[in-house]
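Dumped model.tsv below, it's TSV, C-alpha atoms (C1' of nucleotides):
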chain	number	residue	atom	x	y	z
S	1	MET	CA	0.00	0.00	0.00
S	2	THR	CA	1.48	3.33	-1.02
S	3	GLU	CA	1.49	6.44	1.10
S	4	ASN	CA	-1.06	7.80	-1.29
S	5	THR	CA	-3.53	5.02	-0.84
S	6	ARG	CA	-3.14	5.15	2.88
S	7	GLN	CA	-3.77	8.86	2.80
S	8	GLN	CA	-6.77	8.29	0.64
S	9	ARG	CA	-8.21	5.62	2.91
S	10	ARG	CA	-7.97	8.09	5.73
S	11	ARG	CA	-10.40	10.36	3.98
S	12	GLN	CA	-12.89	7.69	3.02
S	13	LEU	CA	-16.12	7.45	4.88
S	14	PRO	CA	-16.73	4.54	7.24
S	15	THR	CA	-17.99	1.31	5.73
S	16	THR	CA	-21.37	-0.04	6.69
S	17	GLU	CA	-19.73	-2.52	9.04
S	18	GLN	CA	-17.63	0.16	10.71
S	19	LEU	CA	-20.68	2.31	11.09
S	20	ARG	CA	-22.62	-0.57	12.62
S	21	ILE	CA	-19.90	-1.08	15.20
S	22	TRP	CA	-19.84	2.63	15.93
S	23	ARG	CA	-23.56	2.75	16.51
S	24	ASP	CA	-23.46	-0.40	18.62
S	25	PHE	CA	-20.69	1.06	20.69
S	26	ILE	CA	-22.12	4.48	21.31
S	27	GLU	CA	-25.69	3.32	21.81
S	28	THR	CA	-24.63	0.61	24.21
S	29	ALA	CA	-22.57	3.05	26.23
S	30	GLU	CA	-25.56	5.35	26.33
S	31	ALA	CA	-27.90	2.56	27.42
S	32	LEU	CA	-25.48	1.58	30.16
S	33	ARG	CA	-25.16	5.12	31.37
S	34	SER	CA	-28.89	5.49	31.47
S	35	GLU	CA	-29.49	2.23	33.34
S	36	LEU	CA	-26.77	3.01	35.88
S	37	SER	CA	-28.18	6.45	36.36
S	38	SER	CA	-31.69	5.21	36.97
S	39	ARG	CA	-30.50	2.60	39.48
S	40	LEU	CA	-28.42	5.14	41.33
S	41	GLN	CA	-31.36	7.48	41.42
S	42	SER	CA	-33.81	4.92	42.75
S	43	GLU	CA	-31.44	3.43	45.30
S	44	SER	CA	-29.97	6.61	46.69
S	45	SER	CA	-31.62	9.69	45.24
S	46	LEU	CA	-28.23	10.75	43.92
S	47	SER	CA	-27.51	11.40	40.26
S	48	PRO	CA	-24.27	10.22	38.65
S	49	GLY	CA	-23.16	13.83	38.75
S	50	ASP	CA	-23.81	14.05	42.46
S	51	TYR	CA	-21.89	10.83	42.88
S	52	VAL	CA	-18.70	11.95	41.18
S	53	VAL	CA	-18.73	15.26	43.01
S	54	LEU	CA	-19.24	13.58	46.36
S	55	LEU	CA	-16.59	10.98	45.56
S	56	ALA	CA	-14.03	13.65	44.78
S	57	LEU	CA	-14.90	15.58	47.92
S	58	SER	CA	-14.76	12.47	50.12
S	59	GLU	CA	-11.23	11.81	48.97
S	60	ALA	CA	-10.09	15.40	49.31
S	61	GLU	CA	-8.09	16.56	52.32
S	62	GLY	CA	-10.44	18.13	54.80
S	63	ARG	CA	-13.34	16.99	52.59
S	64	ARG	CA	-13.12	20.35	50.87
S	65	MET	CA	-11.74	21.61	47.59
S	66	ARG	CA	-11.35	24.74	45.58
S	67	SER	CA	-14.10	24.83	43.03
S	68	SER	CA	-11.76	24.93	40.04
S	69	GLU	CA	-9.62	22.08	41.33
S	70	LEU	CA	-12.75	20.05	41.74
S	71	ALA	CA	-13.79	20.85	38.20
S	72	ALA	CA	-10.38	19.89	36.87
S	73	GLY	CA	-10.30	16.76	38.99
S	74	ILE	CA	-13.51	15.37	37.59
S	75	GLY	CA	-13.03	16.86	34.14
S	76	TRP	CA	-16.01	19.18	34.13
S	77	GLU	CA	-16.44	22.64	32.73
S	78	ARG	CA	-16.62	25.24	35.41
S	79	SER	CA	-20.03	26.45	34.50
S	80	ARG	CA	-21.40	22.94	34.63
S	81	LEU	CA	-19.95	22.45	38.08
S	82	SER	CA	-21.29	25.76	39.24
S	83	HIS	CA	-24.81	24.90	38.20
S	84	HIS	CA	-24.51	21.46	39.71
S	85	LEU	CA	-23.16	22.73	43.01
S	86	GLY	CA	-26.08	25.11	43.16
S	87	ARG	CA	-28.49	22.20	42.91
S	88	MET	CA	-26.51	20.13	45.40
S	89	GLU	CA	-26.34	23.01	47.83
S	90	ARG	CA	-30.11	23.35	47.77
S	91	ARG	CA	-30.29	19.74	48.89
S	92	ALA	CA	-27.67	20.37	51.56
S	93	LEU	CA	-25.22	17.86	50.10
S	94	VAL	CA	-22.43	20.43	49.98
S	95	ARG	CA	-21.73	23.92	51.22
S	96	ARG	CA	-19.81	26.72	49.53
S	97	GLU	CA	-17.48	28.86	51.56
S	98	GLU	CA	-15.35	31.84	50.69
S	99	CYS	CA	-11.72	31.13	50.14
S	100	ALA	CA	-9.25	32.78	52.51
S	101	ALA	CA	-6.28	32.71	50.14
S	102	ASP	CA	-7.98	34.16	47.08
S	103	SER	CA	-11.19	35.99	47.68
S	104	ARG	CA	-12.40	35.40	44.15
S	105	GLY	CA	-12.30	31.71	44.86
S	106	ALA	CA	-14.81	29.40	46.47
S	107	GLU	CA	-14.28	26.30	48.50
S	108	VAL	CA	-16.70	23.45	48.26
S	109	VAL	CA	-17.21	21.54	51.48
S	110	LEU	CA	-18.73	18.11	51.86
S	111	ALA	CA	-21.75	18.45	54.15
S	112	THR	CA	-22.80	15.77	56.61
S	113	THR	CA	-25.90	14.99	54.59
S	114	GLY	CA	-23.71	14.61	51.54
S	115	ALA	CA	-21.29	12.26	53.24
S	116	GLU	CA	-24.15	10.09	54.43
S	117	ALA	CA	-25.84	10.01	51.07
S	118	PHE	CA	-22.56	9.11	49.42
S	119	GLY	CA	-21.90	6.38	51.95
S	120	ASP	CA	-25.33	4.87	51.35
S	121	ALA	CA	-24.96	5.09	47.60
S	122	THR	CA	-21.53	3.62	47.11
S	123	VAL	CA	-22.16	-0.10	47.65
S	124	PRO	CA	-25.31	-0.26	45.53
S	125	HIS	CA	-23.56	1.72	42.84
S	126	LEU	CA	-20.49	-0.51	42.78
S	127	ARG	CA	-22.76	-3.53	42.74
S	128	ALA	CA	-24.53	-2.12	39.71
S	129	VAL	CA	-21.22	-1.55	37.92
S	130	ARG	CA	-20.32	-5.13	38.64
S	131	GLU	CA	-23.63	-6.46	37.49
S	132	LEU	CA	-24.05	-4.38	34.35
S	133	PHE	CA	-20.45	-4.10	33.18
S	134	VAL	CA	-18.00	-6.51	34.78
S	135	ASP	CA	-20.32	-9.50	34.83
S	136	ALA	CA	-21.23	-8.90	31.20
S	137	LEU	CA	-17.71	-9.47	29.93
S	138	THR	CA	-15.24	-12.32	29.98
S	139	PRO	CA	-11.87	-11.40	31.50
S	140	ASP	CA	-10.45	-11.11	27.98
S	141	GLU	CA	-13.26	-8.88	26.87
S	142	LEU	CA	-12.79	-6.72	29.91
S	143	VAL	CA	-9.15	-6.19	29.05
S	144	ALA	CA	-10.09	-5.52	25.45
S	145	ALA	CA	-12.64	-2.95	26.60
S	146	GLY	CA	-9.92	-1.21	28.57
S	147	GLU	CA	-7.60	-1.15	25.58
S	148	VAL	CA	-10.25	0.14	23.25
S	149	ALA	CA	-11.15	2.89	25.68
S	150	ALA	CA	-7.51	3.85	26.12
S	151	ALA	CA	-6.90	3.95	22.37
S	152	LEU	CA	-10.00	6.06	21.78
S	153	ARG	CA	-9.14	8.44	24.57
S	154	ALA	CA	-5.56	8.87	23.42
S	155	HIS	CA	-6.64	9.49	19.86
S	156	LEU	CA	-9.29	11.92	20.97
S	157	ASP	CA	-6.83	13.92	23.06
S	158	ARG	CA	-4.45	13.97	20.12
S	159	VAL	CA	-7.07	15.10	17.63
S	160	ARG	CA	-9.19	17.44	19.70
S	161	GLU	CA	-6.85	20.40	19.98
S	162	PRO	CA	-3.80	19.88	17.76
S	163	ARG	CA	-2.34	23.28	18.68
S	164	ARG	CA	-3.40	25.54	21.50
S	165	SER	CA	-0.59	28.07	21.29
S	166	ARG	CA	-2.48	31.33	21.55
S	167	THR	CA	-3.31	32.77	24.93
S	168	SER	CA	-2.10	30.26	27.45
S	169	ARG	CA	1.39	28.85	27.55
S	170	PRO	CA	1.58	25.53	25.73
S	171	GLU	CA	0.80	23.00	28.44
S	172	GLY	CA	1.43	19.35	27.87
S	173	GLY	CA	-1.78	17.53	28.73
S	174	ASP	CA	-4.74	18.61	30.78
S	175	ARG	CA	-5.50	15.82	33.21
T	1	MET	CA	-14.86	-23.73	41.99
T	2	THR	CA	-18.10	-24.65	43.70
T	3	GLU	CA	-21.44	-23.17	42.89
T	4	ASN	CA	-21.20	-21.37	46.17
T	5	THR	CA	-17.97	-19.58	45.39
T	6	ARG	CA	-19.20	-18.63	41.98
T	7	GLN	CA	-22.33	-17.26	43.51
T	8	GLN	CA	-20.25	-15.40	46.03
T	9	ARG	CA	-17.96	-13.87	43.40
T	10	ARG	CA	-21.03	-12.58	41.66
T	11	ARG	CA	-21.86	-10.52	44.67
T	12	GLN	CA	-18.40	-9.09	45.20
T	13	LEU	CA	-17.74	-5.51	44.36
T	14	PRO	CA	-15.52	-4.61	41.41
T	15	THR	CA	-11.77	-4.54	41.98
T	16	THR	CA	-9.87	-1.31	41.59
T	17	GLU	CA	-8.68	-2.42	38.18
T	18	GLN	CA	-12.16	-3.32	37.01
T	19	LEU	CA	-13.41	-0.01	38.25
T	20	ARG	CA	-10.64	1.81	36.43
T	21	ILE	CA	-11.63	0.12	33.18
T	22	TRP	CA	-15.26	0.95	33.79
T	23	ARG	CA	-14.50	4.59	34.32
T	24	ASP	CA	-12.22	4.72	31.31
T	25	PHE	CA	-14.89	3.12	29.21
T	26	ILE	CA	-17.81	5.24	30.24
T	27	GLU	CA	-15.91	8.51	30.34
T	28	THR	CA	-14.35	7.91	26.96
T	29	ALA	CA	-17.70	7.12	25.43
T	30	GLU	CA	-19.05	10.29	26.97
T	31	ALA	CA	-16.14	12.36	25.67
T	32	LEU	CA	-16.62	10.91	22.20
T	33	ARG	CA	-20.32	11.64	22.26
T	34	SER	CA	-19.66	15.18	23.32
T	35	GLU	CA	-17.00	15.83	20.67
T	36	LEU	CA	-19.15	14.33	17.94
T	37	SER	CA	-22.07	16.38	19.07
T	38	SER	CA	-20.14	19.62	19.05
T	39	ARG	CA	-18.74	18.94	15.57
T	40	LEU	CA	-22.15	18.09	14.22
T	41	GLN	CA	-23.54	21.25	15.74
T	42	SER	CA	-20.87	23.53	14.32
T	43	GLU	CA	-20.86	21.97	10.87
T	44	SER	CA	-24.56	21.65	10.32
T	45	SER	CA	-26.57	23.18	13.17
T	46	LEU	CA	-28.09	19.78	13.79
T	47	SER	CA	-27.89	17.96	17.09
T	48	PRO	CA	-27.25	14.22	17.27
T	49	GLY	CA	-30.90	13.85	18.14
T	50	ASP	CA	-31.95	15.76	15.05
T	51	TYR	CA	-29.62	13.58	13.03
T	52	VAL	CA	-31.07	10.24	14.09
T	53	VAL	CA	-34.60	11.48	13.61
T	54	LEU	CA	-33.85	12.81	10.14
T	55	LEU	CA	-31.95	9.64	9.25
T	56	ALA	CA	-34.90	7.46	10.19
T	57	LEU	CA	-37.30	9.68	8.26
T	58	SER	CA	-35.06	9.77	5.18
T	59	GLU	CA	-35.10	6.01	5.03
T	60	ALA	CA	-38.81	5.68	5.67
T	61	GLU	CA	-41.26	5.08	2.83
T	62	GLY	CA	-42.73	8.36	1.77
T	63	ARG	CA	-40.32	10.09	4.15
T	64	ARG	CA	-43.00	9.89	6.80
T	65	MET	CA	-43.61	7.69	9.81
T	66	ARG	CA	-46.06	7.18	12.60
T	67	SER	CA	-44.69	8.86	15.65
T	68	SER	CA	-44.58	5.70	17.74
T	69	GLU	CA	-42.91	3.66	15.01
T	70	LEU	CA	-40.28	6.34	14.78
T	71	ALA	CA	-39.78	6.21	18.52
T	72	ALA	CA	-39.45	2.44	18.47
T	73	GLY	CA	-37.16	2.57	15.45
T	74	ILE	CA	-34.63	4.83	17.09
T	75	GLY	CA	-35.19	3.45	20.57
T	76	TRP	CA	-36.49	6.59	22.20
T	77	GLU	CA	-39.20	7.08	24.77
T	78	ARG	CA	-42.29	8.60	23.30
T	79	SER	CA	-42.24	11.63	25.48
T	80	ARG	CA	-38.66	12.35	24.52
T	81	LEU	CA	-39.54	12.13	20.86
T	82	SER	CA	-42.56	14.31	21.34
T	83	HIS	CA	-40.51	17.07	22.93
T	84	HIS	CA	-37.84	16.73	20.29
T	85	LEU	CA	-40.29	16.83	17.41
T	86	GLY	CA	-41.75	19.99	18.87
T	87	ARG	CA	-38.34	21.63	18.75
T	88	MET	CA	-37.65	20.31	15.26
T	89	GLU	CA	-41.01	21.47	14.02
T	90	ARG	CA	-40.27	25.00	15.22
T	91	ARG	CA	-37.20	24.93	13.01
T	92	ALA	CA	-39.23	23.54	10.11
T	93	LEU	CA	-37.18	20.35	9.90
T	94	VAL	CA	-40.28	18.17	10.15
T	95	ARG	CA	-44.03	18.54	10.07
T	96	ARG	CA	-46.67	16.67	12.03
T	97	GLU	CA	-49.83	15.58	10.32
T	98	GLU	CA	-52.92	13.83	11.57
T	99	CYS	CA	-53.10	10.18	10.82
T	100	ALA	CA	-55.94	9.00	8.59
T	101	ALA	CA	-56.01	5.42	9.86
T	102	ASP	CA	-56.01	6.18	13.57
T	103	SER	CA	-57.04	9.63	14.60
T	104	ARG	CA	-55.18	9.39	17.88
T	105	GLY	CA	-51.98	8.98	15.94
T	106	ALA	CA	-49.67	11.47	14.34
T	107	GLU	CA	-47.50	11.15	11.31
T	108	VAL	CA	-44.15	12.82	11.19
T	109	VAL	CA	-43.13	14.07	7.78
T	110	LEU	CA	-39.65	15.02	6.66
T	111	ALA	CA	-39.78	18.63	5.54
T	112	THR	CA	-37.70	19.99	2.68
T	113	THR	CA	-35.58	22.03	5.05
T	114	GLY	CA	-34.97	18.88	7.08
T	115	ALA	CA	-33.95	16.83	4.07
T	116	GLU	CA	-31.50	19.52	3.01
T	117	ALA	CA	-30.03	19.91	6.46
T	118	PHE	CA	-29.65	16.17	6.74
T	119	GLY	CA	-28.00	15.96	3.35
T	120	ASP	CA	-25.53	18.65	4.28
T	121	ALA	CA	-24.78	17.04	7.63
T	122	THR	CA	-24.23	13.47	6.64
T	123	VAL	CA	-20.80	13.60	5.02
T	124	PRO	CA	-19.18	15.74	7.72
T	125	HIS	CA	-20.75	13.53	10.35
T	126	LEU	CA	-19.52	10.30	8.79
T	127	ARG	CA	-16.11	11.87	8.38
T	128	ALA	CA	-16.10	12.68	12.07
T	129	VAL	CA	-17.03	9.12	12.99
T	130	ARG	CA	-14.18	7.92	10.84
T	131	GLU	CA	-11.73	10.37	12.32
T	132	LEU	CA	-12.69	10.00	15.97
T	133	PHE	CA	-13.60	6.34	16.14
T	134	VAL	CA	-12.50	4.21	13.20
T	135	ASP	CA	-9.12	5.86	12.75
T	136	ALA	CA	-8.41	5.55	16.47
T	137	LEU	CA	-8.51	1.77	16.44
T	138	THR	CA	-6.58	-0.98	14.73
T	139	PRO	CA	-8.75	-3.42	12.78
T	140	ASP	CA	-8.44	-5.88	15.66
T	141	GLU	CA	-9.43	-3.29	18.18
T	142	LEU	CA	-12.39	-2.31	16.08
T	143	VAL	CA	-13.63	-5.87	16.05
T	144	ALA	CA	-13.02	-6.12	19.77
T	145	ALA	CA	-15.01	-2.94	20.32
T	146	GLY	CA	-17.89	-4.46	18.42
T	147	GLU	CA	-17.76	-7.64	20.47
T	148	VAL	CA	-17.59	-5.78	23.74
T	149	ALA	CA	-20.54	-3.63	22.76
T	150	ALA	CA	-22.54	-6.68	21.70
T	151	ALA	CA	-21.78	-8.51	24.93
T	152	LEU	CA	-22.72	-5.50	27.03
T	153	ARG	CA	-25.91	-4.92	25.13
T	154	ALA	CA	-26.96	-8.55	25.33
T	155	HIS	CA	-26.27	-8.68	29.04
T	156	LEU	CA	-28.10	-5.43	29.60
T	157	ASP	CA	-31.17	-6.64	27.74
T	158	ARG	CA	-31.06	-9.84	29.75
T	159	VAL	CA	-30.71	-8.09	33.09
T	160	ARG	CA	-32.84	-5.03	32.61
T	161	GLU	CA	-36.30	-6.60	32.65
T	162	PRO	CA	-36.01	-10.26	33.57
T	163	ARG	CA	-39.77	-10.71	33.17
T	164	ARG	CA	-42.14	-8.35	31.41
T	165	SER	CA	-45.14	-10.64	31.28
T	166	ARG	CA	-47.80	-8.18	32.38
T	167	THR	CA	-49.36	-5.84	29.89
T	168	SER	CA	-47.65	-6.37	26.55
T	169	ARG	CA	-47.10	-9.70	24.89
T	170	PRO	CA	-43.54	-10.92	25.35
T	171	GLU	CA	-41.80	-9.51	22.29
T	172	GLY	CA	-38.46	-10.88	21.21
T	173	GLY	CA	-36.16	-7.94	20.59
T	174	ASP	CA	-36.94	-4.29	20.11
T	175	ARG	CA	-35.01	-3.20	17.05
Q	1	DC	C1'	-0.97	54.43	40.98
Q	2	DC	C1'	-4.12	52.76	37.53
Q	3	DA	C1'	-5.56	50.98	33.08
Q	4	DA	C1'	-5.51	46.81	30.74
Q	5	DC	C1'	-5.69	42.34	31.21
Q	6	DC	C1'	-6.15	37.71	33.35
Q	7	DT	C1'	-8.52	34.51	36.32
Q	8	DG	C1'	-12.24	32.32	39.46
Q	9	DA	C1'	-16.69	31.79	39.56
Q	10	DT	C1'	-21.57	32.69	38.66
Q	11	DT	C1'	-25.56	33.68	35.76
Q	12	DG	C1'	-29.17	33.47	32.06
Q	13	DA	C1'	-30.87	31.53	28.06
Q	14	DC	C1'	-31.83	27.69	25.88
Q	15	DG	C1'	-31.66	22.74	24.16
Q	16	DT	C1'	-32.14	18.27	26.02
Q	17	DG	C1'	-34.00	14.08	28.93
Q	18	DT	C1'	-37.10	11.84	32.40
Q	19	DC	C1'	-41.10	11.13	35.02
Q	20	DA	C1'	-45.79	11.53	36.05
Q	21	DA	C1'	-50.05	13.29	34.67
Q	22	DT	C1'	-53.25	14.33	31.03
Q	23	DT	C1'	-56.03	14.26	26.76
Q	24	DA	C1'	-58.24	11.97	23.33
Q	25	DT	C1'	-59.41	8.10	20.81
Q	26	DG	C1'	-60.01	3.12	19.95
Q	27	DC	C1'	-61.68	-1.24	21.46
Q	28	DC	C1'	-63.75	-5.04	24.01
Q	29	DC	C1'	-66.90	-7.34	26.69
Q	30	DG	C1'	-70.93	-7.75	29.54
H	1	DC	C1'	-74.69	0.23	23.68
H	2	DG	C1'	-71.71	1.96	27.10
H	3	DG	C1'	-68.41	1.58	30.98
H	4	DG	C1'	-63.80	0.47	31.61
H	5	DC	C1'	-59.45	-0.18	30.00
H	6	DA	C1'	-55.64	0.06	26.60
H	7	DT	C1'	-53.16	2.99	23.43
H	8	DA	C1'	-51.22	7.38	20.88
H	9	DA	C1'	-49.42	11.29	21.86
H	10	DT	C1'	-48.70	15.56	24.36
H	11	DT	C1'	-47.76	18.40	28.38
H	12	DG	C1'	-45.60	20.34	32.63
H	13	DA	C1'	-42.25	20.26	35.95
H	14	DC	C1'	-37.88	19.74	36.79
H	15	DA	C1'	-32.78	18.09	36.40
H	16	DC	C1'	-28.92	18.47	33.45
H	17	DG	C1'	-25.28	20.66	29.95
H	18	DT	C1'	-23.39	24.20	26.98
H	19	DC	C1'	-22.47	28.65	25.49
H	20	DA	C1'	-21.79	33.37	25.89
H	21	DA	C1'	-21.95	37.12	28.96
H	22	DT	C1'	-21.01	38.98	33.33
H	23	DC	C1'	-18.96	40.20	37.75
H	24	DA	C1'	-15.51	40.62	41.02
H	25	DG	C1'	-11.13	40.33	42.48
H	26	DG	C1'	-5.91	39.83	41.27
H	27	DT	C1'	-1.65	41.22	38.60
H	28	DT	C1'	1.39	43.86	35.96
H	29	DG	C1'	3.74	47.30	33.16
H	30	DG	C1'	4.11	52.06	32.13
For this file, produce the structure as structure tokens.
Amino acid sequence: MTENTRQQRRRQLPTTEQLRIWRDFIETAEALRSELSSRLQSESSLSPGDYVVLLALSEAEGRRMRSSELAAGIGWERSRLSHHLGRMERRALVRREECAADSRGAEVVLATTGAEAFGDATVPHLRAVRELFVDALTPDELVAAGEVAAALRAHLDRVREPRRSRTSRPEGGDR
Amino acid sequence: MTENTRQQRRRQLPTTEQLRIWRDFIETAEALRSELSSRLQSESSLSPGDYVVLLALSEAEGRRMRSSELAAGIGWERSRLSHHLGRMERRALVRREECAADSRGAEVVLATTGAEAFGDATVPHLRAVRELFVDALTPDELVAAGEVAAALRAHLDRVREPRRSRTSRPEGGDR
DNA sequence: CCAACCTGATTGACGTGTCAATTATGCCCG
DNA sequence: CGGGCATAATTGACACGTCAATCAGGTTGG
């Protein structure tokens, strides 16, 4: 195969079979996410979003974090986190406090209610992951799933922002 | 391994490694979905939801479908479709007409604007699938991804509603 | 010092998804 | 026939996500 043909293949559209796999993959992931979410909701009245936020806070020193560190830690946009914290604060799962060091900043603190809710949710949630994901795959398939995910992620990171040299200094990666 | 131990393993929580793979898998799928969605949006002003609806309608006879068939065809809840059609109708992508055969029913018709928008979107979208998914994987990995998705889907269907013998007759599959 | 700029965080508008309730029609059986 | 139930579809309320705009508080160079 010449460089030319390879280049050309790159630009071709997916075959029917490739497209079928793509749809299977993305729709299955979506179905899983939705089932997990509904179980979490019914067993603990937490959403997946609540869960990741509470998980991060539980593991943080002092069960508190700067809002932007939290966002970076769980890979969320700041505005998304801000909205979500608002909803969580209304349910008394977290509190927001002013930050001593930088008075623009906010610190998010795990509230007692939040810690309890998280504690109650974690076993059912892990059980659901086991039941819906781990138990569905042979050990080989599980490894394969990990490799596929890693390859996709790496490729995505490579492709998403080839150069980001304008305002901020060129950082290496962002996780 | 006795039946007992096997039973017991079933109930165990995922190991750290299994959990890592799970998170990789679900977060990567989510990141892919989000990137695809944003490309689709910027290249065509269609959302992924719009796209699947328009795709189904394009392939339907007469470019029209009963609302509930459409919902079943793309695997959406009816209420979700109803809301989405409302938004699409506002943008003149589809029209809703009364159904002659059953006056409770509605028929969804692909509008000219919708057909054009879909036509314009399809090549960029397929290119994005190729670039973000197919090109990220070796042929082996692609096959593995398909197998993993199939296994997960099958397990999910098996687990989700073990028995649904009440109102509707026990249908085989739903695609 | 202070104007210009950067950064942390929030807000509002709007599209999207789910659940429960509702409306309207079809259908069946007593 | 007509009461009761199933079905088609919509609606309202609310949670969630994204984008662009905003606000407030730091930082820096002239």
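Distance-wise, CA of Ile74 (chain T) and CA of Leu55 (chain T) end up 9.6 Å apart.
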Query raised in the report: Excluding same-chain residues fewer than 3 positions from Ala128 (chain S), what lies within 10 Å of it counting all atoms listed in the file, as a PyMOL selection string?
Result: (chain S and resi 35-37+39-40+122-125+131-135) or (chain T and resi 13-14)
Requested in this report: Show me which bits of chain Q are within 9 Å of chain S, counting only C-alpha atoms (C1' of nucleotides), as a VMD selection string.
Outcome: chain Q and resid 7 to 10
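The spacing separating CA of Val108 (chain S) from CA of Arg20 (chain T) amounts to 25.4 Å.
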Query - Within-12 Å shell of (-3.6, 42.2, 27.4) in input frame, all atoms listed in the file, as a PyMOL selection string - result: (chain S and resi 167) or (chain Q and resi 3-6) or (chain H and resi 27-29)
Selection from above, C-alpha atoms (C1' of nucleotides), as a PDB file, keeping the file's coordinate frame, can you write it?
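New file out-v3.pdb:
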ATOM      1  CA  THR S 167      -3.310  32.770  24.930  1.00  0.00           C
TER       2      THR S 167
ATOM      3  C1'  DA Q   3      -5.560  50.980  33.080  1.00  0.00           C
ATOM      4  C1'  DA Q   4      -5.510  46.810  30.740  1.00  0.00           C
ATOM      5  C1'  DC Q   5      -5.690  42.340  31.210  1.00  0.00           C
ATOM      6  C1'  DC Q   6      -6.150  37.710  33.350  1.00  0.00           C
TER       7       DC Q   6
ATOM      8  C1'  DT H  27      -1.650  41.220  38.600  1.00  0.00           C
ATOM      9  C1'  DT H  28       1.390  43.860  35.960  1.00  0.00           C
ATOM     10  C1'  DG H  29       3.740  47.300  33.160  1.00  0.00           C
TER      11       DG H  29
END
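Candidate residues H:DA24, H:DA6, H:DC1, H:DC14 were compared for distance to DC27 (chain Q), and the nearest is H:DA6, using only C-alpha atoms (C1' of nucleotides).
Proximity to chain T was assessed for S:Cys99, S:Ala31, S:Met88, S:Val109 counting all atoms listed in the file; the smallest distance is recorded for S:Ala31.
In this comparison, which uses all atoms listed in the file, the residue of S:Leu81, S:Val143, S:Arg96, S:Glu17 approaching Ala111 (chain S) most closely is S:Arg96.
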**Report entry** At most 12 Å to chain S: residues in chain H, only C-alpha atoms (C1' of nucleotides), as a ChimeraX atom specification
**Finding:** /H:14-20,23-26
Writing out the chosen residues with C-alpha atoms (C1' of nucleotides) as a compact mmCIF listing (two decimals), in the coordinates of the input:
# COMPACT_ATOMS: atom_id res chain seq x y z
C1' DC H 14 -37.88 19.74 36.79
C1' DA H 15 -32.78 18.09 36.40
C1' DC H 16 -28.92 18.47 33.45
C1' DG H 17 -25.28 20.66 29.95
C1' DT H 18 -23.39 24.20 26.98
C1' DC H 19 -22.47 28.65 25.49
C1' DA H 20 -21.79 33.37 25.89
C1' DC H 23 -18.96 40.20 37.75
C1' DA H 24 -15.51 40.62 41.02
C1' DG H 25 -11.13 40.33 42.48
C1' DG H 26 -5.91 39.83 41.27
Query raised in the report: For chain S, which residues have at least one atom within 8 Å of chain T, if we go by all atoms listed in the file? Write them as a ChimeraX atom specification, please.
Result: /S:10-14,18-19,21-22,24-26,28-29,32-33,123,126-127,129-137,141-153,155-156,159
Output of the above residues as a tab-separated table (two decimals), in the frame of the given file, restricted to C-alpha atoms:
chain	number	residue	atom	x	y	z
S	10	ARG	CA	-7.97	8.09	5.73
S	11	ARG	CA	-10.40	10.36	3.98
S	12	GLN	CA	-12.89	7.69	3.02
S	13	LEU	CA	-16.12	7.45	4.88
S	14	PRO	CA	-16.73	4.54	7.24
S	18	GLN	CA	-17.63	0.16	10.71
S	19	LEU	CA	-20.68	2.31	11.09
S	21	ILE	CA	-19.90	-1.08	15.20
S	22	TRP	CA	-19.84	2.63	15.93
S	24	ASP	CA	-23.46	-0.40	18.62
S	25	PHE	CA	-20.69	1.06	20.69
S	26	ILE	CA	-22.12	4.48	21.31
S	28	THR	CA	-24.63	0.61	24.21
S	29	ALA	CA	-22.57	3.05	26.23
S	32	LEU	CA	-25.48	1.58	30.16
S	33	ARG	CA	-25.16	5.12	31.37
S	123	VAL	CA	-22.16	-0.10	47.65
S	126	LEU	CA	-20.49	-0.51	42.78
S	127	ARG	CA	-22.76	-3.53	42.74
S	129	VAL	CA	-21.22	-1.55	37.92
S	130	ARG	CA	-20.32	-5.13	38.64
S	131	GLU	CA	-23.63	-6.46	37.49
S	132	LEU	CA	-24.05	-4.38	34.35
S	133	PHE	CA	-20.45	-4.10	33.18
S	134	VAL	CA	-18.00	-6.51	34.78
S	135	ASP	CA	-20.32	-9.50	34.83
S	136	ALA	CA	-21.23	-8.90	31.20
S	137	LEU	CA	-17.71	-9.47	29.93
S	141	GLU	CA	-13.26	-8.88	26.87
S	142	LEU	CA	-12.79	-6.72	29.91
S	143	VAL	CA	-9.15	-6.19	29.05
S	144	ALA	CA	-10.09	-5.52	25.45
S	145	ALA	CA	-12.64	-2.95	26.60
S	146	GLY	CA	-9.92	-1.21	28.57
S	147	GLU	CA	-7.60	-1.15	25.58
S	148	VAL	CA	-10.25	0.14	23.25
S	149	ALA	CA	-11.15	2.89	25.68
S	150	ALA	CA	-7.51	3.85	26.12
S	151	ALA	CA	-6.90	3.95	22.37
S	152	LEU	CA	-10.00	6.06	21.78
S	153	ARG	CA	-9.14	8.44	24.57
S	155	HIS	CA	-6.64	9.49	19.86
S	156	LEU	CA	-9.29	11.92	20.97
S	159	VAL	CA	-7.07	15.10	17.63
Region 9-22 of chain H: axis-aligned bounding box, 3 Å on each side, centre and edge lengths in Å, one decimal, as AutoDock Vina command-line options:
--center_x -35.2 --center_y 25.1 --center_z 29.3 --size_x 34.4 --size_y 33.7 --size_z 20.9
Query raised in the report: Between CA of Leu54 (chain S) and C1' of DC14 (chain Q), what is the distance, to one decimal in Å?
Result: 27.9 Å
Query raised in the report: H:DG3, H:DA21, H:DG12, H:DG30: which is nearest DG30 (chain Q), counting all atoms listed in the file?
Result: H:DG3
